[in-house]
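To start, the structure itself, in structure tokens.
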Amino acid sequence: MAKAKPKFSLSSSFFPCVLKLQANEGKRVLEAVEKFAANTATPSLNLHPVKSDQRGRLYTFRASDDLRVLAVRLGENTWILEEVGHHDELYRRAESGVFLADPSGEQIGFFTAEDAGSREGIPTRAAGTS
């Protein structure tokens with residue numbers, strides 16, 4: 001039996017991250033997203049959890065030797081693609097951040113401490129907490 005294609009959405013920060021890249025890098029990211037959309041287990045993506053995420057929801061996958069996509073796993077086969085960046089910078093952000101949602105569900109996203117000074121209305125509780 002074939003594995004079901006993942007359900008995923010792109011966060012509001014995804015395309016701004018892509019647009020900051022060189023054109024050839026952006027193309028590589030979009031190609032990787034197409035592979036992800038077809039099969040998250042594609043070996044070249046090397047999808048794996050971020051080790052420092054204690055909730056086990058943050059994952060990355062490879063778009064090139066140096067580019068990674070940060071994804072949040074919401075369920076067995078449900079994802080939000082959050083950010084794109086160069087390997088070291090993306091892992092630094094992933095290891096220092098958290099996926100948050102306000103109780104109403106109106107605001108969700110991935111945030112780091114450095115974001116607190118630049119974004120208004122950052123939710124104050126992690127998703128799934130009371």
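Residue names in the structure tokens use chain letters A, B, ... in the order shown, residue numbers from 1 in each chain, and ligand numbers from 1 in the order shown.
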*Got a sec: who's within 9 Å of Phe8 in chain A, counting only C-alpha atoms, leaving out chain neighbours fewer than 2 positions off, as a PyMOL selection string?*
chain A and resi 6+10+37+77-81
*What is the distance, in Å and to one decimal place, between CA of Gln54 in chain A and CA of Gly97 in chain A?*
11.1 Å
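Computed from the coordinates, the CA of Leu47 in chain A to CA of Ala32 in chain A distance equals 10.9 Å.
Remark: for Lys51 in chain A, the closest of the candidate residues A:Ala71, A:Ala94, A:Val84, A:Val33 is A:Ala94 (distances computed over only C-alpha atoms).
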Quick one: residues within 7 Å of Glu95 in chain A, only C-alpha atoms, excluding same-chain residues fewer than 2 positions away - as a CSV table (one decimal) with N, CA, C and O atoms, in the first residue's frame?
```
chain,number,residue,atom,x,y,z
A,52,SER,N,17.2,19.2,19.8
A,52,SER,CA,17.0,19.9,21.0
A,52,SER,C,15.5,20.2,21.3
A,52,SER,O,15.2,20.7,22.3
A,53,ASP,N,14.6,19.8,20.3
A,53,ASP,CA,13.2,20.1,20.5
A,53,ASP,C,12.6,19.0,21.4
A,53,ASP,O,12.4,17.9,21.0
A,91,TYR,N,19.7,25.9,11.9
A,91,TYR,CA,19.8,25.1,13.1
A,91,TYR,C,20.0,25.9,14.4
A,91,TYR,O,19.4,25.6,15.4
A,92,ARG,N,20.7,27.0,14.3
A,92,ARG,CA,20.8,27.9,15.5
A,92,ARG,C,19.4,28.4,15.9
A,92,ARG,O,19.0,28.4,17.0
A,93,ARG,N,18.6,28.8,14.9
A,93,ARG,CA,17.2,29.3,15.2
A,93,ARG,C,16.4,28.2,15.7
A,93,ARG,O,15.7,28.3,16.7
A,97,GLY,N,14.5,28.2,19.5
A,97,GLY,CA,13.1,28.6,19.3
A,97,GLY,C,12.1,27.6,19.8
A,97,GLY,O,12.4,26.5,20.2
```
Contact residues around Leu21 in chain A with only C-alpha atoms at 10 Å, ignoring same-chain residues under 3 positions, as a short mmCIF file (atom, residue, chain, number, x, y, z; two decimals) with N, CA, C and O atoms, in the first residue's frame:
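Final output, selection-v7.cif:
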```
data_model
loop_
_atom_site.label_atom_id
_atom_site.label_comp_id
_atom_site.auth_asym_id
_atom_site.auth_seq_id
_atom_site.Cartn_x
_atom_site.Cartn_y
_atom_site.Cartn_z
N PRO A 16 8.88 34.74 2.42
CA PRO A 16 9.88 35.79 2.66
C PRO A 16 11.29 35.22 2.86
O PRO A 16 12.26 35.82 2.40
N CYS A 17 11.39 34.05 3.50
CA CYS A 17 12.70 33.40 3.64
C CYS A 17 13.25 32.97 2.29
O CYS A 17 14.43 33.16 2.00
N VAL A 18 12.39 32.41 1.44
CA VAL A 18 12.81 31.98 0.11
C VAL A 18 13.28 33.18 -0.71
O VAL A 18 14.30 33.10 -1.40
N ASN A 24 18.99 30.65 -7.64
CA ASN A 24 19.25 29.21 -7.78
C ASN A 24 18.97 28.47 -6.47
O ASN A 24 18.52 27.32 -6.47
N GLU A 25 19.17 29.15 -5.33
CA GLU A 25 18.87 28.53 -4.04
C GLU A 25 17.36 28.41 -3.85
O GLU A 25 16.87 27.38 -3.37
N GLY A 26 16.62 29.45 -4.23
CA GLY A 26 15.17 29.40 -4.14
C GLY A 26 14.60 28.27 -4.98
O GLY A 26 13.67 27.57 -4.55
N LYS A 27 15.18 28.07 -6.15
CA LYS A 27 14.74 26.98 -7.02
C LYS A 27 14.97 25.63 -6.34
O LYS A 27 14.11 24.75 -6.38
N VAL A 29 15.04 25.03 -3.15
CA VAL A 29 14.07 24.90 -2.07
C VAL A 29 12.73 24.44 -2.62
O VAL A 29 12.10 23.50 -2.08
N LEU A 67 21.33 24.22 2.38
CA LEU A 67 20.01 24.78 2.64
C LEU A 67 19.11 23.76 3.35
O LEU A 67 19.07 22.59 2.96
N VAL A 84 13.09 28.68 5.85
CA VAL A 84 14.16 28.16 5.00
C VAL A 84 15.41 28.94 5.34
O VAL A 84 15.35 30.14 5.60
N GLY A 85 16.54 28.27 5.34
CA GLY A 85 17.78 29.00 5.59
C GLY A 85 19.00 28.13 5.38
O GLY A 85 18.91 26.94 5.13
N HIS A 86 20.15 28.79 5.50
CA HIS A 86 21.41 28.07 5.41
C HIS A 86 21.60 27.24 6.67
O HIS A 86 21.15 27.61 7.76
#
```
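With only C-alpha atoms as the atoms that count, the minimum distance from Leu45 in chain A to the choices A:Arg62, A:Arg28, A:Lys20, A:Lys7 is reached by A:Arg62.
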*Using DSSP on the backbone coordinates, identify the residues of range 29-88 of chain A assigned to helix (DSSP H, G or I); present them as a PyMOL selection string.*
chain A and resi 29-38+43-45+87-88
Output the selection as a CSV table (one decimal), in the first residue's frame - N, CA and C atoms for each residue.
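Printed below is out.csv as written:
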```
chain,number,residue,atom,x,y,z
A,29,VAL,N,15.0,25.0,-3.2
A,29,VAL,CA,14.1,24.9,-2.1
A,29,VAL,C,12.7,24.4,-2.6
A,30,LEU,N,12.3,25.1,-3.7
A,30,LEU,CA,11.0,24.7,-4.3
A,30,LEU,C,11.0,23.3,-4.8
A,31,GLU,N,12.1,22.8,-5.3
A,31,GLU,CA,12.2,21.4,-5.8
A,31,GLU,C,12.1,20.5,-4.6
A,32,ALA,N,12.8,20.9,-3.5
A,32,ALA,CA,12.7,20.0,-2.3
A,32,ALA,C,11.3,20.0,-1.7
A,33,VAL,N,10.6,21.1,-1.8
A,33,VAL,CA,9.2,21.1,-1.3
A,33,VAL,C,8.4,20.2,-2.2
A,34,GLU,N,8.6,20.2,-3.5
A,34,GLU,CA,7.9,19.3,-4.4
A,34,GLU,C,8.1,17.8,-4.0
A,35,LYS,N,9.4,17.5,-3.7
A,35,LYS,CA,9.7,16.1,-3.3
A,35,LYS,C,9.0,15.8,-1.9
A,36,PHE,N,9.0,16.7,-1.0
A,36,PHE,CA,8.4,16.6,0.3
A,36,PHE,C,6.9,16.3,0.1
A,37,ALA,N,6.3,17.1,-0.8
A,37,ALA,CA,4.8,17.0,-1.1
A,37,ALA,C,4.5,15.6,-1.7
A,38,ALA,N,5.4,15.0,-2.4
A,38,ALA,CA,5.2,13.7,-3.0
A,38,ALA,C,5.4,12.5,-2.0
A,43,PRO,N,14.7,9.8,0.3
A,43,PRO,CA,16.0,9.8,1.0
A,43,PRO,C,16.8,11.1,0.8
A,44,SER,N,16.8,11.7,-0.3
A,44,SER,CA,17.6,12.9,-0.5
A,44,SER,C,17.2,14.1,0.4
A,45,LEU,N,15.9,14.0,0.9
A,45,LEU,CA,15.5,15.1,1.8
A,45,LEU,C,16.1,15.0,3.2
A,87,HIS,N,22.2,26.1,6.5
A,87,HIS,CA,22.3,25.1,7.5
A,87,HIS,C,22.6,25.6,8.9
A,88,ASP,N,23.7,26.3,9.2
A,88,ASP,CA,24.1,26.7,10.5
A,88,ASP,C,23.1,27.7,11.1
```
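The nearest approach to Glu82 in chain A among the residues A:Ala4, A:Asp66, A:Tyr59, A:Thr40, with only C-alpha atoms taken into account, belongs to A:Tyr59.
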Residues at most 7 Å from Phe61 in chain A, counting only C-alpha atoms, excluding those fewer than 3 positions away in the same chain, as a short mmCIF file (atom, residue, chain, number, x, y, z; two decimals) with all heavy atoms, in the first residue's frame?
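Result file follows (result-v1.cif):
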```cif
data_model
loop_
_atom_site.label_atom_id
_atom_site.label_comp_id
_atom_site.auth_asym_id
_atom_site.auth_seq_id
_atom_site.Cartn_x
_atom_site.Cartn_y
_atom_site.Cartn_z
N LEU A 45 15.94 14.01 0.94
CA LEU A 45 15.50 15.07 1.85
C LEU A 45 16.11 14.95 3.24
O LEU A 45 16.27 15.94 3.94
CB LEU A 45 13.97 15.06 1.97
CG LEU A 45 13.18 15.39 0.72
CD1 LEU A 45 11.69 15.24 0.98
CD2 LEU A 45 13.51 16.78 0.22
N ASN A 46 16.43 13.73 3.64
CA ASN A 46 17.00 13.48 4.96
C ASN A 46 16.17 14.14 6.06
O ASN A 46 16.69 14.82 6.95
CB ASN A 46 18.46 13.96 5.01
CG ASN A 46 19.17 13.47 6.25
OD1 ASN A 46 18.91 12.39 6.75
ND2 ASN A 46 20.08 14.29 6.77
N LEU A 47 14.86 13.94 6.03
CA LEU A 47 13.95 14.49 7.04
C LEU A 47 14.28 13.89 8.40
O LEU A 47 14.35 12.67 8.55
CB LEU A 47 12.50 14.18 6.67
CG LEU A 47 11.43 14.61 7.67
CD1 LEU A 47 11.33 16.14 7.70
CD2 LEU A 47 10.09 13.99 7.29
N HIS A 48 14.50 14.76 9.39
CA HIS A 48 14.79 14.27 10.73
C HIS A 48 14.42 15.32 11.78
O HIS A 48 14.36 16.50 11.48
CB HIS A 48 16.27 13.87 10.86
CG HIS A 48 17.21 15.01 10.69
ND1 HIS A 48 17.60 15.47 9.46
CD2 HIS A 48 17.82 15.79 11.60
CE1 HIS A 48 18.43 16.49 9.63
NE2 HIS A 48 18.58 16.71 10.92
N ARG A 68 18.38 24.25 4.35
CA ARG A 68 17.44 23.40 5.08
C ARG A 68 16.09 24.08 5.18
O ARG A 68 15.98 25.30 5.17
CB ARG A 68 17.94 23.12 6.51
CG ARG A 68 19.27 22.40 6.58
CD ARG A 68 19.17 20.99 6.00
NE ARG A 68 20.41 20.26 6.14
CZ ARG A 68 21.39 20.25 5.24
NH1 ARG A 68 21.29 20.95 4.14
NH2 ARG A 68 22.48 19.52 5.44
N VAL A 69 15.05 23.25 5.29
CA VAL A 69 13.69 23.72 5.52
C VAL A 69 13.31 23.27 6.92
O VAL A 69 13.50 22.11 7.29
CB VAL A 69 12.72 23.12 4.47
CG1 VAL A 69 11.28 23.53 4.79
CG2 VAL A 69 13.11 23.54 3.07
N LEU A 70 12.77 24.21 7.70
CA LEU A 70 12.28 23.91 9.05
C LEU A 70 10.80 23.61 8.95
O LEU A 70 10.02 24.41 8.44
CB LEU A 70 12.52 25.10 9.99
CG LEU A 70 12.03 24.93 11.42
CD1 LEU A 70 12.79 23.81 12.14
CD2 LEU A 70 12.19 26.24 12.18
#
```
